[in-house]
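The file input16.csv comes next; it holds CSV, C-alpha atoms.
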chain,number,residue,atom,x,y,z
A,29,MET,CA,37.1,33.1,-58.4
A,30,SER,CA,40.0,33.0,-56.0
A,31,SER,CA,42.6,30.3,-56.1
A,32,GLU,CA,43.5,30.8,-52.5
A,33,LEU,CA,42.4,28.2,-49.9
A,34,SER,CA,40.7,29.3,-46.7
A,35,PRO,CA,42.5,28.0,-43.6
A,36,SER,CA,39.7,25.5,-42.9
A,37,SER,CA,39.7,24.1,-46.5
A,38,ALA,CA,43.5,24.0,-46.5
A,39,SER,CA,43.5,22.0,-43.2
A,40,GLU,CA,40.9,19.7,-44.6
A,41,HIS,CA,43.0,19.2,-47.8
A,42,LEU,CA,46.0,18.3,-45.6
A,43,ARG,CA,43.9,15.8,-43.6
A,44,ARG,CA,42.8,14.2,-46.8
A,45,ILE,CA,46.4,13.8,-48.0
A,46,GLU,CA,47.5,12.5,-44.6
A,47,SER,CA,44.8,9.8,-44.6
A,48,SER,CA,45.4,8.8,-48.2
A,49,LYS,CA,46.7,5.3,-49.0
A,50,LEU,CA,49.5,6.9,-51.1
A,51,PHE,CA,50.8,9.0,-48.2
A,52,GLN,CA,50.6,6.1,-45.7
A,53,GLY,CA,52.2,3.8,-48.3
A,54,VAL,CA,55.2,6.2,-48.7
A,55,VAL,CA,55.6,6.6,-45.0
A,56,ILE,CA,55.6,2.8,-44.5
A,57,ALA,CA,58.1,2.4,-47.4
A,58,ILE,CA,60.4,4.9,-45.7
A,59,ILE,CA,60.1,3.1,-42.3
A,60,ILE,CA,61.0,-0.1,-44.0
A,61,LEU,CA,64.0,1.5,-45.8
A,62,SER,CA,65.0,3.0,-42.4
A,63,ALA,CA,65.0,-0.5,-40.9
A,64,LEU,CA,67.1,-1.8,-43.8
A,65,THR,CA,69.7,0.9,-43.4
A,66,ILE,CA,69.9,0.3,-39.7
A,67,GLY,CA,70.5,-3.4,-40.4
A,68,ALA,CA,73.1,-2.7,-43.0
A,69,LYS,CA,75.0,-0.5,-40.7
A,70,THR,CA,75.6,-3.5,-38.4
A,71,TYR,CA,77.9,-5.1,-41.0
A,72,ASP,CA,81.5,-4.3,-41.7
A,73,LEU,CA,81.2,-2.2,-44.9
A,74,PRO,CA,83.6,-0.2,-47.1
A,75,PRO,CA,83.8,3.5,-46.2
A,76,TRP,CA,82.0,4.6,-49.3
A,77,VAL,CA,79.0,2.3,-48.5
A,78,GLU,CA,78.9,3.6,-44.9
A,79,GLN,CA,78.9,7.2,-46.2
A,80,GLY,CA,76.0,6.4,-48.5
A,81,LEU,CA,74.1,4.8,-45.6
A,82,THR,CA,74.8,7.8,-43.4
A,83,GLY,CA,73.5,10.1,-46.2
A,84,MET,CA,70.4,7.9,-46.6
A,85,ASP,CA,69.8,7.9,-42.8
A,86,ASN,CA,70.0,11.7,-42.8
A,87,ALA,CA,67.5,11.9,-45.7
A,88,ILE,CA,65.2,9.5,-43.9
A,89,THR,CA,65.4,11.6,-40.7
A,90,ALA,CA,64.6,14.7,-42.7
A,91,PHE,CA,61.7,12.9,-44.2
A,92,PHE,CA,60.3,11.9,-40.8
A,93,LEU,CA,60.7,15.5,-39.5
A,94,ILE,CA,58.7,16.8,-42.5
A,95,GLU,CA,56.1,14.1,-42.1
A,96,ILE,CA,55.6,14.9,-38.4
A,97,LEU,CA,55.3,18.6,-39.2
A,98,PHE,CA,52.9,17.8,-42.0
A,99,ARG,CA,50.8,15.7,-39.6
A,100,PHE,CA,50.8,18.5,-37.0
A,101,ALA,CA,49.7,20.9,-39.7
A,102,ALA,CA,46.9,18.5,-40.7
A,103,CYS,CA,45.7,18.1,-37.1
A,104,PRO,CA,42.5,20.1,-36.5
A,105,ALA,CA,43.2,20.5,-32.8
A,106,LYS,CA,46.9,21.6,-32.6
A,107,ARG,CA,46.8,21.8,-28.8
A,108,ARG,CA,45.8,18.2,-28.6
A,109,PHE,CA,48.4,16.8,-31.1
A,110,LEU,CA,50.8,15.6,-28.4
A,111,LEU,CA,48.1,14.3,-26.1
A,112,ASP,CA,47.7,11.4,-28.5
A,113,GLY,CA,50.1,8.8,-27.4
A,114,TRP,CA,51.1,7.8,-30.9
A,115,ASN,CA,51.8,11.4,-32.0
A,116,LEU,CA,53.9,11.8,-28.8
A,117,PHE,CA,55.8,8.6,-29.5
A,118,ASP,CA,56.5,9.6,-33.1
A,119,THR,CA,57.6,13.1,-32.1
A,120,ILE,CA,60.0,11.9,-29.4
A,121,VAL,CA,61.6,9.3,-31.8
A,122,VAL,CA,62.0,11.9,-34.6
A,123,ILE,CA,63.4,14.6,-32.3
A,124,GLY,CA,65.7,12.0,-30.7
A,125,SER,CA,66.9,11.1,-34.2
A,126,LEU,CA,67.9,14.7,-34.8
A,127,ILE,CA,70.3,15.0,-31.9
A,128,PRO,CA,73.9,14.7,-33.0
A,129,LEU,CA,75.8,12.1,-31.0
A,130,ASP,CA,79.5,11.7,-30.3
A,131,ASN,CA,80.3,9.4,-27.3
A,132,SER,CA,79.7,5.7,-27.5
A,133,ASP,CA,76.8,5.5,-25.0
A,134,ALA,CA,74.9,8.3,-26.8
A,135,VAL,CA,75.5,6.6,-30.1
A,136,LEU,CA,74.0,3.4,-28.7
A,137,LEU,CA,70.9,5.5,-27.6
A,138,GLY,CA,70.7,7.1,-31.0
A,139,ARG,CA,70.7,3.7,-32.7
A,140,LEU,CA,68.0,2.5,-30.3
A,141,LEU,CA,65.9,5.6,-31.2
A,142,ARG,CA,66.4,4.8,-34.9
A,143,VAL,CA,65.3,1.2,-34.3
A,144,PHE,CA,62.2,2.7,-32.6
A,145,ARG,CA,61.4,4.4,-36.0
A,146,VAL,CA,60.5,0.9,-37.2
A,147,LEU,CA,57.9,0.7,-34.4
A,148,ARG,CA,56.3,3.8,-36.0
A,149,LEU,CA,54.7,1.3,-38.3
A,150,VAL,CA,52.2,0.7,-35.5
A,151,SER,CA,51.2,4.4,-35.4
A,152,VAL,CA,50.9,4.6,-39.2
A,153,VAL,CA,48.9,1.4,-39.9
A,154,PRO,CA,45.5,1.8,-38.3
A,155,GLU,CA,45.0,-2.0,-38.0
A,156,LEU,CA,48.2,-2.4,-36.0
A,157,ARG,CA,47.3,0.6,-33.8
A,158,PHE,CA,43.9,-1.0,-33.1
A,159,LEU,CA,45.6,-4.3,-32.2
A,160,ILE,CA,48.2,-2.7,-29.9
A,161,ASN,CA,45.6,-0.5,-28.2
A,162,SER,CA,43.3,-3.6,-27.7
A,163,LEU,CA,46.2,-5.6,-26.2
A,164,LEU,CA,47.2,-2.8,-23.9
A,165,LYS,CA,43.6,-2.5,-22.6
A,166,ARG,CA,43.5,-6.3,-22.1
A,167,PHE,CA,46.7,-6.2,-20.1
A,168,ARG,CA,45.4,-3.4,-17.9
A,169,ALA,CA,42.3,-5.4,-17.2
A,170,TRP,CA,44.4,-8.5,-16.4
A,171,ALA,CA,46.6,-6.4,-14.1
A,172,THR,CA,43.6,-5.4,-12.0
A,173,LEU,CA,42.4,-8.9,-11.4
A,174,PRO,CA,43.1,-10.3,-7.9
A,175,CYS,CA,45.6,-13.2,-7.8
This structure in structure tokens:
Amino acid sequence: MSSELSPSSASEHLRRIESSKLFQGVVIAIIILSALTIGAKTYDLPPWVEQGLTGMDNAITAFFLIEILFRFAACPAKRRFLLDGWNLFDTIVVIGSLIPLDNSDAVLLGRLLRVFRVLRLVSVVPELRFLINSLLKRFRAWATLPC
């Protein structure tokens, strides 16, 4: 009996992990940790604390990159991965977080992208995603009503 997984069973295994409560819980915990580090960076802190927060932020960014790559690997239709609005949003936020920034305007944009990582909760929690999608559909319907 071979211990190797076929490509289809490996993909199915990745999908099971991705949809597990444990995986989703870890992602949510990291998103919350990210929000806390962003908030902490708004205070005047000793240099050693700022260095620790920068290291933590780098680790969080690496985690999100690995998580996006994992979700892509688990996606059965790779060509359609970015056609899903939530996957596109998550990918843009993660890639934007990877860009090193030096000037003050770019740093502001980088901070904004890191704040958007908190909004990734919507894409991770199915109930929130359903609520936001429903609200967007309702707003579109209201927008088409004559005044």
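Counting from CA of Leu126 (chain A), the distance to CA of Ile60 (chain A) is 18.7 Å.
CA of Phe117 (chain A) is found 19.1 Å from CA of Ala57 (chain A).
You can rank A:Trp76, A:Phe144, A:Tyr71, A:Trp114 by their closest distance to Ile96 (chain A) using all atoms listed in the file, and at the top of that list sits A:Trp114.
Restricting the calculation to only C-alpha atoms, the smallest distance between Lys106 (chain A) and any of A:Ser47, A:Ser39, A:Thr65, A:Asn161 is found for A:Ser39.
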(request) Measuring atom to atom with all atoms listed in the file, identify which of A:Glu155, A:Asp72, A:Asp118, A:Glu40 is nearest to Leu93 (chain A). (result) A:Asp118
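Ranking A:Leu163, A:Ile59, A:Val152, A:Ala169 by their shortest atom-to-atom distance to Arg99 (chain A), with all atoms listed in the file included, puts A:Val152 first.
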(request) Kindly indicate which residue among A:Leu73, A:Ile120, A:Leu110, A:Val153 lies nearest to Gly53 (chain A), using all atoms listed in the file for the distances. (result) A:Val153
(message) If I take CA of Leu42 (chain A) and CA of Ala102 (chain A), how far is one from the other in Å, to one decimal?
(response) 5.0 Å
(request) Tell me which protein, DNA and RNA residues are within 10 Å of Ile88 (chain A), counting all atoms listed in the file, leaving out same-chain ones fewer than 5 positions away, and put them as JSON, numbers by chain. (result) {"A": [58, 59, 61, 62, 65, 82, 83, 93, 94, 125]}
(request) Return the single residue from A:Leu149, A:Ile66, A:Ala101, A:Ile160 that is closest to Gln52 (chain A), with distances computed using all atoms listed in the file. (result) A:Leu149
